[in-house]
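Presented below is the structure to which this report refers.
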Amino acid sequence: MASHGINEFDSWNRALSDGKLNPDQIAVLQKMVDAGEAKDLSAAAQFLDWQQTVINPMEHMYGF
């Protein structure tokens, strides 16, 4: 899985739908689609949002 590091947004999916992702961030999502990890960019963004809640549950619980 591609590492996406620290981002300037709270949600990949929201940033995608708002057109706030830069070309490198879009490339992360596209790489997931190309690897068969997601059916489209939106699904990849949703997966990364979900992954963040699992990896950093306390941060999400407190809204960090």
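By convention in this document, the chains of the structure tokens carry letters A, B, ... by their order, each chain's residues are numbered from 1, and ligands are numbered from 1 in the order they are shown.
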Any idea what's packed within 7 Å of stretch 20-29 of chain A, counting only C-alpha atoms, ignoring anything in its chain fewer than 5 positions away? Could you give it as a ChimeraX atom specification? /A:2,15,41,44-45
So which one's closest to A:Ala43, A:Asn13, A:Gly19, A:Glu8, A:Ile55? Using only C-alpha atoms, please.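 Nearest to A:Ala43: A:Asn13.
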Could you check the closest approach to A:Trp12 for each of A:Asp40, A:Ala35, A:Trp50, A:Gln30 and tell me which residue wins, using only C-alpha atoms? A:Trp50
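Interatomic distance, atom CA of A:Leu16 against atom CA of A:Ala38: 14.6 Å.
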